[in-house]
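Source file: my_file32.txt. Holds: compact mmCIF, C-alpha atoms.
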```txt
# COMPACT_ATOMS: atom_id res chain seq x y z
CA MET T 26 -0.25 14.29 7.50
CA ALA T 27 1.56 14.68 4.27
CA ILE T 28 3.96 16.87 2.35
CA LEU T 29 3.54 16.80 -1.43
CA HIS T 30 6.57 17.23 -3.66
CA SER T 31 6.51 14.59 -6.40
CA GLY T 32 5.87 15.36 -10.05
CA TYR T 33 2.68 17.30 -10.55
CA LEU T 34 1.85 16.78 -6.87
CA PHE T 35 4.87 18.87 -5.96
CA GLY T 36 3.39 21.60 -8.10
CA VAL T 37 0.16 21.44 -6.14
CA LEU T 38 1.94 22.33 -2.92
CA CYS T 39 4.57 24.76 -4.15
CA SER T 40 2.46 26.62 -6.72
CA THR T 41 3.10 30.35 -6.53
CA LEU T 42 -0.23 31.21 -8.04
CA LEU T 43 -2.21 33.73 -6.01
CA PHE T 44 -5.88 34.42 -6.42
CA ALA T 45 -7.72 37.65 -7.18
CA SER T 46 -9.75 39.45 -4.59
CA THR T 47 -12.99 39.27 -6.56
CA LEU T 48 -15.88 37.27 -5.17
CA SER T 49 -17.72 35.03 -7.60
CA GLY T 50 -21.45 35.55 -7.61
CA GLN T 51 -23.48 38.67 -6.93
CA VAL T 52 -21.36 40.39 -4.25
CA SER T 53 -18.96 43.00 -5.63
CA ALA T 54 -15.27 43.09 -4.67
CA HIS T 55 -15.80 46.60 -3.25
CA THR T 56 -18.59 45.40 -0.97
CA VAL T 57 -16.55 42.43 0.25
CA THR T 58 -13.48 44.58 0.89
CA GLN T 59 -15.49 47.13 2.85
CA THR T 60 -17.18 44.43 4.94
CA LEU T 61 -13.91 42.66 5.74
CA ARG T 62 -12.17 45.88 6.74
CA GLU T 63 -15.06 46.70 9.06
CA ASN T 64 -14.33 43.40 10.78
CA GLY T 65 -10.62 44.14 11.23
CA VAL T 66 -9.44 42.22 8.18
CA SER T 67 -6.66 43.49 5.96
CA MET T 68 -6.89 42.88 2.24
CA PRO T 69 -4.03 41.72 -0.02
CA SER T 70 -1.81 44.23 -1.75
CA ALA T 71 -2.44 45.29 -5.31
CA SER T 72 0.81 43.67 -6.44
CA ARG T 73 -0.38 40.35 -5.09
CA ASP T 74 -3.74 40.82 -6.82
CA ARG T 75 -2.04 41.34 -10.18
CA GLN T 76 -0.40 37.93 -9.85
CA ALA T 77 -3.68 36.31 -8.96
CA VAL T 78 -5.96 33.91 -10.76
CA SER T 79 -9.52 35.19 -10.64
CA GLY T 80 -12.09 33.38 -8.53
CA ALA T 81 -11.10 33.54 -4.86
CA VAL T 82 -11.15 36.37 -2.36
CA GLN T 83 -7.89 36.64 -0.42
CA ALA T 84 -7.70 38.30 3.01
CA ASP T 85 -5.84 38.38 6.32
CA ALA T 86 -7.32 38.37 9.80
CA CYS T 87 -5.02 39.83 12.46
CA PHE T 88 -5.22 39.16 16.19
CA LYS T 89 -3.19 41.30 18.62
CA ASN T 90 -1.31 39.72 21.53
CA TYR T 91 -2.72 36.30 20.76
CA LYS T 92 -2.18 33.78 23.55
CA PHE T 93 -1.60 30.15 22.56
CA ARG T 94 -2.51 27.16 24.68
CA SER T 95 1.16 26.91 25.67
CA GLY T 96 0.78 30.27 27.42
CA GLU T 97 3.09 31.97 24.91
CA THR T 98 1.88 35.03 23.05
CA LEU T 99 2.45 36.56 19.63
CA GLU T 100 2.19 40.34 19.40
CA ARG T 101 0.50 40.24 16.02
CA LEU T 102 -0.85 36.95 14.69
CA ARG T 103 -1.83 36.92 11.04
CA ILE T 104 -4.18 34.25 9.66
CA HIS T 105 -4.52 34.26 5.90
CA TYR T 106 -7.56 32.78 4.22
CA ALA T 107 -9.38 32.62 0.91
CA THR T 108 -13.04 32.21 0.01
CA LEU T 109 -14.95 31.02 -3.04
CA GLY T 110 -18.65 31.44 -3.71
CA THR T 111 -21.31 33.67 -2.21
CA PRO T 112 -22.71 33.53 1.33
CA HIS T 113 -26.40 32.63 1.45
CA ARG T 114 -28.50 33.85 4.36
CA ASN T 115 -31.54 32.12 5.78
CA ALA T 116 -34.73 33.75 7.06
CA LYS T 117 -32.93 34.71 10.29
CA GLY T 118 -30.14 36.41 8.37
CA ASP T 119 -27.53 33.77 9.20
CA ILE T 120 -25.13 32.32 6.62
CA ASP T 121 -26.20 28.72 6.02
CA ASN T 122 -24.05 27.48 3.13
CA ALA T 123 -20.49 27.81 4.50
CA VAL T 124 -18.08 24.90 4.05
CA LEU T 125 -14.66 24.98 5.73
CA VAL T 126 -11.95 23.18 3.70
CA LEU T 127 -8.77 22.34 5.64
CA HIS T 128 -5.31 21.63 4.24
CA TRP T 129 -2.60 19.12 5.11
CA THR T 130 0.80 19.68 6.77
CA ASP T 131 3.15 22.09 4.96
CA ALA T 132 0.40 23.08 2.54
CA ASP T 133 -1.95 26.07 2.53
CA SER T 134 -5.07 27.38 0.80
CA ARG T 135 -3.28 27.52 -2.55
CA ALA T 136 -2.96 23.74 -2.64
CA LEU T 137 -6.73 23.39 -2.20
CA LEU T 138 -7.41 25.96 -4.92
CA ALA T 139 -5.32 24.08 -7.48
CA PRO T 140 -6.96 23.21 -10.83
CA SER T 141 -7.40 19.55 -9.85
CA PHE T 142 -9.53 20.53 -6.83
CA MET T 143 -11.46 23.15 -8.78
CA LYS T 144 -12.34 20.67 -11.51
CA ALA T 145 -13.21 17.75 -9.24
CA LEU T 146 -14.94 19.51 -6.35
CA TYR T 147 -15.84 23.19 -6.89
CA ASN T 148 -16.87 23.67 -10.52
CA PRO T 149 -20.54 23.77 -11.59
CA GLY T 150 -22.23 20.43 -11.00
CA ARG T 151 -19.48 19.20 -8.69
CA PRO T 152 -20.04 18.23 -5.01
CA LEU T 153 -18.96 21.62 -3.59
CA ASP T 154 -20.25 23.74 -6.46
CA THR T 155 -19.37 27.37 -5.68
CA GLN T 156 -22.71 28.44 -7.11
CA ARG T 157 -24.28 26.72 -4.10
CA TYR T 158 -21.68 26.90 -1.34
CA TYR T 159 -19.52 29.50 0.35
CA LEU T 160 -16.11 27.82 0.66
CA ILE T 161 -13.53 28.94 3.22
CA PHE T 162 -9.85 27.97 2.98
CA VAL T 163 -7.61 28.80 5.95
CA ASP T 164 -3.81 28.94 6.00
CA ASN T 165 -3.19 27.47 9.44
CA VAL T 166 -0.76 29.20 11.76
CA GLY T 167 2.73 28.03 10.84
CA HIS T 168 1.74 27.56 7.20
CA GLY T 169 1.40 29.47 3.95
CA GLN T 170 0.81 33.20 4.27
CA SER T 171 -0.16 33.02 7.95
CA SER T 172 2.32 33.80 10.75
CA LYS T 173 5.07 31.17 10.97
CA PRO T 174 8.58 30.69 12.39
CA SER T 175 10.34 31.47 9.11
CA ASP T 176 8.86 34.98 9.11
CA GLY T 177 11.74 35.98 11.40
CA LEU T 178 11.28 34.65 14.92
CA LYS T 179 12.62 31.22 13.93
CA ALA T 180 12.93 29.05 17.08
CA GLY T 181 11.57 31.95 19.11
CA PHE T 182 8.13 31.54 17.56
CA PRO T 183 5.46 30.51 20.11
CA ASN T 184 4.78 26.78 20.34
CA TYR T 185 1.41 25.93 18.87
CA SER T 186 -0.66 22.74 18.90
CA TYR T 187 -3.43 21.18 16.83
CA GLY T 188 -5.78 22.55 19.48
CA ASP T 189 -4.51 26.04 18.61
CA LEU T 190 -5.14 25.41 14.92
CA VAL T 191 -8.78 24.57 15.63
CA ASP T 192 -9.14 27.50 18.05
CA LEU T 193 -7.98 29.90 15.35
CA GLN T 194 -10.09 28.30 12.63
CA HIS T 195 -13.14 28.71 14.88
CA LYS T 196 -12.18 32.30 15.74
CA LEU T 197 -11.85 33.16 12.05
CA VAL T 198 -15.17 31.55 11.12
CA THR T 199 -17.23 32.98 13.98
CA GLU T 200 -15.63 36.35 14.72
CA THR T 201 -14.05 37.47 11.45
CA LEU T 202 -16.62 36.02 9.05
CA GLY T 203 -19.57 36.13 11.43
CA ILE T 204 -20.73 32.57 10.71
CA LYS T 205 -22.67 31.01 13.56
CA ARG T 206 -22.90 27.51 12.10
CA LEU T 207 -20.96 25.79 9.32
CA HIS T 208 -22.79 23.60 6.88
CA ALA T 209 -19.84 21.23 6.58
CA ILE T 210 -16.12 20.72 7.15
CA LEU T 211 -13.88 18.84 4.72
CA GLY T 212 -10.31 18.22 5.88
CA MET T 213 -7.39 16.27 4.47
CA SER T 214 -4.65 14.65 6.56
CA MET T 215 -3.82 17.27 9.22
CA GLY T 216 -7.03 19.01 8.12
CA GLY T 217 -8.88 15.73 8.60
CA MET T 218 -7.47 15.44 12.11
CA ASN T 219 -8.69 18.99 12.75
CA ALA T 220 -12.13 17.93 11.48
CA TRP T 221 -12.28 15.20 14.14
CA GLN T 222 -11.34 17.85 16.72
CA TRP T 223 -14.02 20.25 15.50
CA ALA T 224 -16.67 17.55 15.86
CA GLU T 225 -15.75 17.14 19.52
CA ALA T 226 -14.90 20.72 20.50
CA TYR T 227 -17.89 22.32 18.78
CA PRO T 228 -20.55 19.58 18.55
CA ASP T 229 -23.36 21.94 17.46
CA ALA T 230 -21.31 24.12 15.12
CA MET T 231 -21.84 22.23 11.84
CA ASP T 232 -24.18 19.90 9.96
CA GLY T 233 -21.44 17.40 9.18
CA VAL T 234 -17.68 16.76 8.99
CA MET T 235 -15.68 14.71 6.50
CA PRO T 236 -12.14 13.77 7.59
CA VAL T 237 -10.01 12.37 4.74
CA VAL T 238 -6.80 10.31 5.25
CA SER T 239 -6.74 10.59 9.03
CA LEU T 240 -7.47 8.44 12.07
CA PRO T 241 -9.20 9.37 15.35
CA ILE T 242 -6.33 8.14 17.52
CA LYS T 243 -3.24 9.84 18.90
CA VAL T 244 -0.16 9.95 16.69
CA SER T 245 1.63 6.67 17.37
CA GLY T 246 3.37 3.71 15.72
CA ARG T 247 4.94 4.39 12.34
CA ASN T 248 3.31 7.81 12.18
CA LEU T 249 5.12 8.79 15.36
CA LEU T 250 8.37 7.03 14.50
CA TRP T 251 9.01 8.84 11.23
CA ARG T 252 8.29 12.17 12.92
CA HIS T 253 10.98 11.45 15.51
CA ILE T 254 13.42 10.32 12.85
CA VAL T 255 13.00 13.59 10.97
CA THR T 256 13.07 15.92 13.99
CA ASP T 257 16.07 14.15 15.51
CA ALA T 258 17.94 14.36 12.19
CA ILE T 259 17.37 18.12 12.07
CA ARG T 260 18.21 18.91 15.69
CA SER T 261 21.31 16.72 15.81
CA ASP T 262 22.83 18.41 12.75
CA PRO T 263 25.62 20.91 13.66
CA GLU T 264 24.22 23.19 10.95
CA TRP T 265 20.98 23.40 12.92
CA LYS T 266 22.47 25.98 15.34
CA GLY T 267 19.46 25.89 17.60
CA GLY T 268 17.19 26.98 14.79
CA ASN T 269 19.36 29.90 13.72
CA TYR T 270 20.70 28.20 10.60
CA ILE T 271 21.46 30.10 7.41
CA ASP T 272 21.36 27.25 4.91
CA PRO T 273 18.97 24.28 5.19
CA PRO T 274 20.45 21.72 7.64
CA CYS T 275 21.72 18.60 5.88
CA GLY T 276 19.83 16.50 8.42
CA TRP T 277 16.58 17.89 7.06
CA LEU T 278 17.56 17.43 3.42
CA GLN T 279 18.51 13.81 4.00
CA SER T 280 15.59 12.85 6.21
CA TYR T 281 13.05 14.25 3.78
CA ALA T 282 13.40 11.06 1.73
CA VAL T 283 11.86 9.20 4.70
CA LEU T 284 8.76 11.35 4.40
CA ARG T 285 8.56 10.75 0.67
CA MET T 286 8.79 7.01 1.21
CA MET T 287 6.00 7.07 3.79
CA ILE T 288 3.49 9.24 1.97
CA ASP T 289 3.65 7.45 -1.39
CA SER T 290 2.09 4.09 -2.15
CA VAL T 291 4.12 0.90 -2.06
CA VAL T 292 2.93 -0.03 -5.56
CA HIS T 293 3.92 3.31 -7.05
CA LEU T 294 7.41 3.25 -5.54
CA GLN T 295 7.89 -0.34 -6.67
CA GLU T 296 7.08 0.69 -10.23
CA THR T 297 9.09 3.91 -10.32
CA LEU T 298 12.24 2.90 -8.42
CA PRO T 299 13.43 -0.26 -10.22
CA ASP T 300 17.17 0.05 -9.58
CA GLY T 301 19.96 1.90 -7.80
CA PRO T 302 20.63 4.72 -10.30
CA VAL T 303 16.97 5.68 -10.52
CA THR T 304 16.68 5.61 -6.73
CA ASP T 305 19.79 7.80 -6.36
CA GLU T 306 18.26 10.33 -8.75
CA PHE T 307 15.02 10.23 -6.75
CA ILE T 308 16.93 11.02 -3.55
CA LYS T 309 18.73 13.92 -5.26
CA LYS T 310 15.38 15.36 -6.23
CA THR T 311 14.07 15.02 -2.69
CA HIS T 312 17.07 17.05 -1.47
CA LYS T 313 16.19 19.86 -3.88
CA GLN T 314 12.56 19.71 -2.84
CA ALA T 315 13.37 19.76 0.87
CA ALA T 316 15.57 22.83 0.38
CA GLN T 317 12.42 24.78 -0.50
CA ILE T 318 10.82 24.00 2.89
CA ASP T 319 11.98 25.85 5.98
CA ALA T 320 13.23 23.43 8.64
CA ASN T 321 11.85 25.53 11.51
CA ASP T 322 8.40 25.58 9.92
CA ILE T 323 8.35 21.81 9.49
CA LEU T 324 9.64 21.18 13.03
CA TYR T 325 6.91 23.31 14.56
CA SER T 326 4.31 21.67 12.37
CA LEU T 327 5.40 18.14 13.27
CA LYS T 328 5.51 18.72 17.01
CA SER T 329 2.13 20.50 16.98
CA SER T 330 0.36 17.13 16.65
CA ALA T 331 1.44 16.04 20.14
CA ASP T 332 -1.91 17.02 21.70
CA TYR T 333 -4.02 15.20 19.11
CA ASP T 334 -6.12 12.38 20.60
CA PRO T 335 -9.85 12.44 19.77
CA GLU T 336 -10.47 8.78 20.68
CA PRO T 337 -11.73 9.33 24.26
CA GLY T 338 -14.44 11.76 23.12
CA LEU T 339 -15.79 9.98 20.03
CA SER T 340 -19.04 8.86 21.67
CA LYS T 341 -19.89 12.52 22.40
CA ILE T 342 -19.89 13.55 18.73
CA LYS T 343 -23.34 14.72 17.67
CA THR T 344 -22.83 15.80 14.09
CA LYS T 345 -22.81 13.50 11.07
CA LEU T 346 -19.28 12.26 10.43
CA PHE T 347 -18.12 10.59 7.21
CA ALA T 348 -14.50 9.35 7.36
CA LEU T 349 -12.64 8.45 4.17
CA ASN T 350 -9.32 6.61 4.03
CA PHE T 351 -7.42 4.72 1.32
CA SER T 352 -6.28 1.13 1.63
CA ASP T 353 -2.79 1.91 0.26
CA ASP T 354 -2.14 4.72 2.77
CA GLU T 355 0.93 3.77 4.80
CA PHE T 356 0.33 6.62 7.25
CA ASN T 357 -3.06 5.24 8.23
CA PRO T 358 -2.69 1.49 7.69
CA GLU T 359 -5.94 -0.34 6.98
CA GLU T 360 -4.65 -3.39 8.86
CA LEU T 361 -5.02 -1.49 12.13
CA HIS T 362 -8.82 -1.51 11.58
CA VAL T 363 -9.11 1.79 13.46
CA LEU T 364 -12.14 3.14 11.58
CA GLU T 365 -13.83 -0.26 11.73
CA ARG T 366 -13.35 -0.33 15.51
CA LEU T 367 -14.02 3.30 16.46
CA VAL T 368 -16.53 4.83 14.03
CA PRO T 369 -19.37 2.65 15.43
CA LYS T 370 -18.94 4.61 18.68
CA ILE T 371 -20.26 7.69 16.86
CA LYS T 372 -24.05 7.87 16.72
CA ASN T 373 -24.08 9.39 13.24
CA GLY T 374 -20.81 7.98 11.96
CA ARG T 375 -19.93 6.38 8.62
CA TYR T 376 -16.64 5.45 7.01
CA VAL T 377 -15.21 4.19 3.74
CA VAL T 378 -11.78 2.70 3.06
CA GLN T 379 -11.37 3.14 -0.67
CA PRO T 380 -9.26 0.40 -2.31
CA GLY T 381 -5.95 1.46 -3.78
CA THR T 382 -5.52 1.21 -7.54
CA SER T 383 -2.73 1.38 -10.10
CA ILE T 384 -3.19 5.15 -10.33
CA SER T 385 -3.72 5.99 -6.66
CA ARG T 386 -0.82 7.24 -4.55
CA GLY T 387 -1.37 6.07 -1.00
CA HIS T 388 -1.62 9.03 1.37
CA LEU T 389 -0.97 11.31 -1.60
CA THR T 390 -4.29 10.22 -3.11
CA MET T 391 -5.76 13.13 -1.18
CA ALA T 392 -4.22 15.38 -3.87
CA GLN T 393 -6.09 13.41 -6.54
CA PRO T 394 -9.64 14.55 -5.68
CA GLU T 395 -10.99 13.19 -8.95
CA LEU T 396 -10.48 9.71 -7.44
CA TRP T 397 -12.67 10.35 -4.39
CA ALA T 398 -15.02 13.21 -5.28
CA GLN T 399 -17.94 10.77 -5.40
CA HIS T 400 -17.61 10.28 -1.65
CA VAL T 401 -17.82 14.03 -1.07
CA ALA T 402 -21.01 14.01 -3.13
CA ALA T 403 -22.39 11.16 -1.00
CA PHE T 404 -21.48 13.05 2.17
CA MET T 405 -23.23 16.22 1.03
CA ARG T 406 -26.36 14.23 0.14
CA TRP T 407 -26.24 12.58 3.56
CA ILE T 408 -26.29 15.92 5.35
CA GLY T 409 -29.40 16.88 3.40
CA ASP T 410 -28.36 18.44 0.09
CA ALA T 411 -29.88 17.51 -3.24
CA PRO T 412 -27.36 16.49 -5.93
CA PRO T 413 -26.13 19.43 -8.06
CA SER T 414 -28.14 20.00 -11.20
CA GLY T 415 -26.85 17.74 -13.96
CA ALA T 416 -24.61 15.76 -11.59
CA ARG T 417 -24.37 12.01 -11.95
CA VAL T 418 -25.43 10.20 -8.78
CA ASN T 419 -23.28 7.16 -7.93
```

Represent the structure of the file as structure tokens.
Amino acid sequence: MAILHSGYLFGVLCSTLLFASTLSGQVSAHTVTQTLRENGVSMPSASRDRQAVSGAVQADACFKNYKFRSGETLERLRIHYATLGTPHRNAKGDIDNAVLVLHWTDADSRALLAPSFMKALYNPGRPLDTQRYYLIFVDNVGHGQSSKPSDGLKAGFPNYSYGDLVDLQHKLVTETLGIKRLHAILGMSMGGMNAWQWAEAYPDAMDGVMPVVSLPIKVSGRNLLWRHIVTDAIRSDPEWKGGNYIDPPCGWLQSYAVLRMMIDSVVHLQETLPDGPVTDEFIKKTHKQAAQIDANDILYSLKSSADYDPEPGLSKIKTKLFALNFSDDEFNPEELHVLERLVPKIKNGRYVVQPGTSISRGHLTMAQPELWAQHVAAFMRWIGDAPPSGARVN
């Protein structure tokens, strides 16, 4: 799990760019709009479209009186999503080139549509070339433009879990978009954890999954400790007011620095924080960054991981699974040897722990897709795809 707010990485997460509702390829925007509306999907407003960058279709799927696994319901649940590319149908009429791309905590589809991802993964000749694949980007519940606590319910928002995230992703793919089988799933951090869950919950629903910067074990150790530090700091702050705060609680602003310390690489922090004054300035910046994140949204997101524990079901995974981690990721420490120990339990499992470098950023390396795109290419070849025309094969 990660929250990106440092330098250009902060821009990746907080970018206000929105994307036009025109589908690349041969399907017209009118046709797409009509089809989506027939399936109960509302399209973005014209004002939003005018702010958009062309390339991705934006839409909302709405589910009435949605019941979460907690038993709580939401009268109208909105799930926002974006798509790139054109659906291809096989001889049976089924879409066979859909790839679900899943974001990390406190991010949304906009982070995955940033220029760095477009250039490294989706452009012509890249591993997920939109001329070949139909890419789907979901704003998970509690994130982005989907329903979330900060919309108005605050602490009265229904409790959701990682299981609910996957339930809704599956509902969107199968019911809203009418896709019976995904070609692949690529997920980063929280999205990677969801990819592990997909492989177990829907074993025949995809040709392969690629979890990035995640582990197939329950949240524990340092990963659990920092979550408790942050949530306790928020809830113990008098300004918290049971979730009915007006200004961001100081406990959240101060504890955000803990997150920043955990998600960055040790080498990078050693190089960029040489003394007290520089470190004080860094902390001031983290306070400003945290003020742009709603404390209720982050609390719900952090506690939603409590049900995550794919380890017991790993041997039941049928699909091809390619796990990618980074050796300088402090969230998923290589010294625990989790992938080394558990991936062999998966019949069609592979993993890579990519060594950290002077330019990698620990867990944040996930937002540097140019550093790991070659592994996505290897994964796509493994599930049966020929390299893109003109692509260099590593």

| task | Considering all atoms listed in the file, return as a PyMOL selection string whatever protein or nucleic-acid residues lie within 12 Å of Leu327 (chain T), sequence-local ones (same chain, fewer than 4 positions apart) excluded. | result | chain T and resi 26-28+129-131+167-168+184-187+215+244+248-257+284+320-323+331-333

Can you check which parts of region 132-244 of chain T lie within 12 Å of region 98-114 of chain T? Per residue, the shortest pair of atoms and distance in Å to one decimal, counting all atoms listed in the file, sorted by chain and number, as CSV.
```
residue,atom,partner,partner_atom,distance
T:Asp133,CA,T:Tyr106,CA,8.9
T:Ser134,CA,T:Ala107,CA,6.8
T:Arg135,CA,T:Ala107,CA,8.7
T:Ala136,CA,T:Ala107,CA,11.5
T:Leu137,CA,T:Ala107,CA,10.1
T:Leu138,CA,T:Ala107,CA,9.1
T:Met143,CA,T:Leu109,CA,10.3
T:Leu146,CA,T:Leu109,CA,12.0
T:Tyr147,CA,T:Leu109,CA,8.8
T:Asn148,CA,T:Gly110,CA,10.5
T:Pro149,CA,T:Gly110,CA,11.2
T:Leu153,CA,T:Gly110,CA,9.8
T:Asp154,CA,T:Gly110,CA,8.3
T:Thr155,CA,T:Gly110,CA,4.6
T:Gln156,CA,T:Gly110,CA,6.1
T:Arg157,CA,T:Gly110,CA,7.4
T:Tyr158,CA,T:Gly110,CA,6.0
T:Tyr159,CA,T:Gly110,CA,4.6
T:Leu160,CA,T:Leu109,CA,5.0
T:Ile161,CA,T:Thr108,CA,4.6
T:Phe162,CA,T:Ala107,CA,5.1
T:Val163,CA,T:Tyr106,CA,4.3
T:Asp164,CA,T:His105,CA,5.4
T:Asn165,CA,T:Ile104,CA,6.9
T:Val166,CA,T:Ile104,CA,6.5
T:Gly167,CA,T:Ile104,CA,9.4
T:His168,CA,T:His105,CA,9.3
T:Gly169,CA,T:His105,CA,7.9
T:Gln170,CA,T:His105,CA,5.7
T:Ser171,CA,T:Ile104,CA,4.5
T:Ser172,CA,T:Arg103,CA,5.2
T:Lys173,CA,T:Arg103,CA,9.0
T:Pro174,CA,T:Leu99,CA,11.2
T:Asp176,CA,T:Arg103,CA,11.0
T:Leu178,CA,T:Leu99,CA,10.2
T:Gly181,CA,T:Leu99,CA,10.2
T:Phe182,CA,T:Leu99,CA,7.9
T:Pro183,CA,T:Thr98,CA,6.5
T:Asn184,CA,T:Thr98,CA,9.2
T:Tyr185,CA,T:Thr98,CA,10.0
T:Asp189,CA,T:Thr98,CA,11.9
T:Leu190,CA,T:Ile104,CA,10.3
T:Asp192,CA,T:Ile104,CA,11.9
T:Leu193,CA,T:Ile104,CA,8.1
T:Gln194,CA,T:Ile104,CA,8.9
T:His195,CA,T:Ile104,CA,11.8
T:Lys196,CA,T:Ile104,CA,10.2
T:Leu197,CA,T:Ile104,CA,8.1
T:Val198,CA,T:Tyr106,CA,10.3
T:Thr201,CA,T:Ile104,CA,10.5
T:Leu202,CA,T:Pro112,CA,10.1
T:Gly203,CA,T:Pro112,CA,10.9
T:Ile204,CA,T:Pro112,CA,9.6
T:Lys205,CA,T:Arg114,CA,11.3
T:Arg206,CA,T:Arg114,CA,11.5
T:Leu207,CA,T:Pro112,CA,11.3
T:His208,CA,T:His113,CA,11.1
```

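With only C-alpha atoms as the atoms that count, the residue of T:Ile371, T:Leu127, T:Leu346, T:Leu339 with the shortest distance to Asp232 (chain T) is T:Leu346.
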
| Separation of CA of Ser245 (chain T) and CA of His400 (chain T), in Å? |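 Separation between CA of Ser245 (chain T) and CA of His400 (chain T): 27.3 Å.
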
Generate the coordinates of N, CA and C atoms for region 233-244 of chain T; report them as a CSV table (one decimal), in the frame of the given file.
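The resulting file, result29.csv, is reproduced below:
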```csv
chain,number,residue,atom,x,y,z
T,233,GLY,N,-22.2,18.6,9.4
T,233,GLY,CA,-21.4,17.4,9.2
T,233,GLY,C,-20.0,17.7,9.0
T,234,VAL,N,-19.1,16.7,9.2
T,234,VAL,CA,-17.7,16.8,9.0
T,234,VAL,C,-17.2,15.6,8.2
T,235,MET,N,-16.2,15.8,7.3
T,235,MET,CA,-15.7,14.7,6.5
T,235,MET,C,-14.2,14.7,6.6
T,236,PRO,N,-13.6,13.9,7.5
T,236,PRO,CA,-12.1,13.8,7.6
T,236,PRO,C,-11.6,12.8,6.5
T,237,VAL,N,-10.6,13.2,5.8
T,237,VAL,CA,-10.0,12.4,4.7
T,237,VAL,C,-8.6,12.1,5.1
T,238,VAL,N,-8.1,10.8,4.9
T,238,VAL,CA,-6.8,10.3,5.2
T,238,VAL,C,-6.4,10.7,6.7
T,239,SER,N,-7.1,10.3,7.6
T,239,SER,CA,-6.7,10.6,9.0
T,239,SER,C,-7.4,9.5,9.9
T,240,LEU,N,-6.9,9.4,11.1
T,240,LEU,CA,-7.5,8.4,12.1
T,240,LEU,C,-7.8,9.2,13.4
T,241,PRO,N,-8.8,8.7,14.1
T,241,PRO,CA,-9.2,9.4,15.4
T,241,PRO,C,-8.5,8.8,16.6
T,242,ILE,N,-7.2,8.6,16.4
T,242,ILE,CA,-6.3,8.1,17.5
T,242,ILE,C,-5.1,9.0,17.6
T,243,LYS,N,-4.4,9.0,18.8
T,243,LYS,CA,-3.2,9.8,18.9
T,243,LYS,C,-2.2,9.4,17.9
T,244,VAL,N,-1.3,10.3,17.6
T,244,VAL,CA,-0.2,10.0,16.7
T,244,VAL,C,0.7,8.9,17.4
```
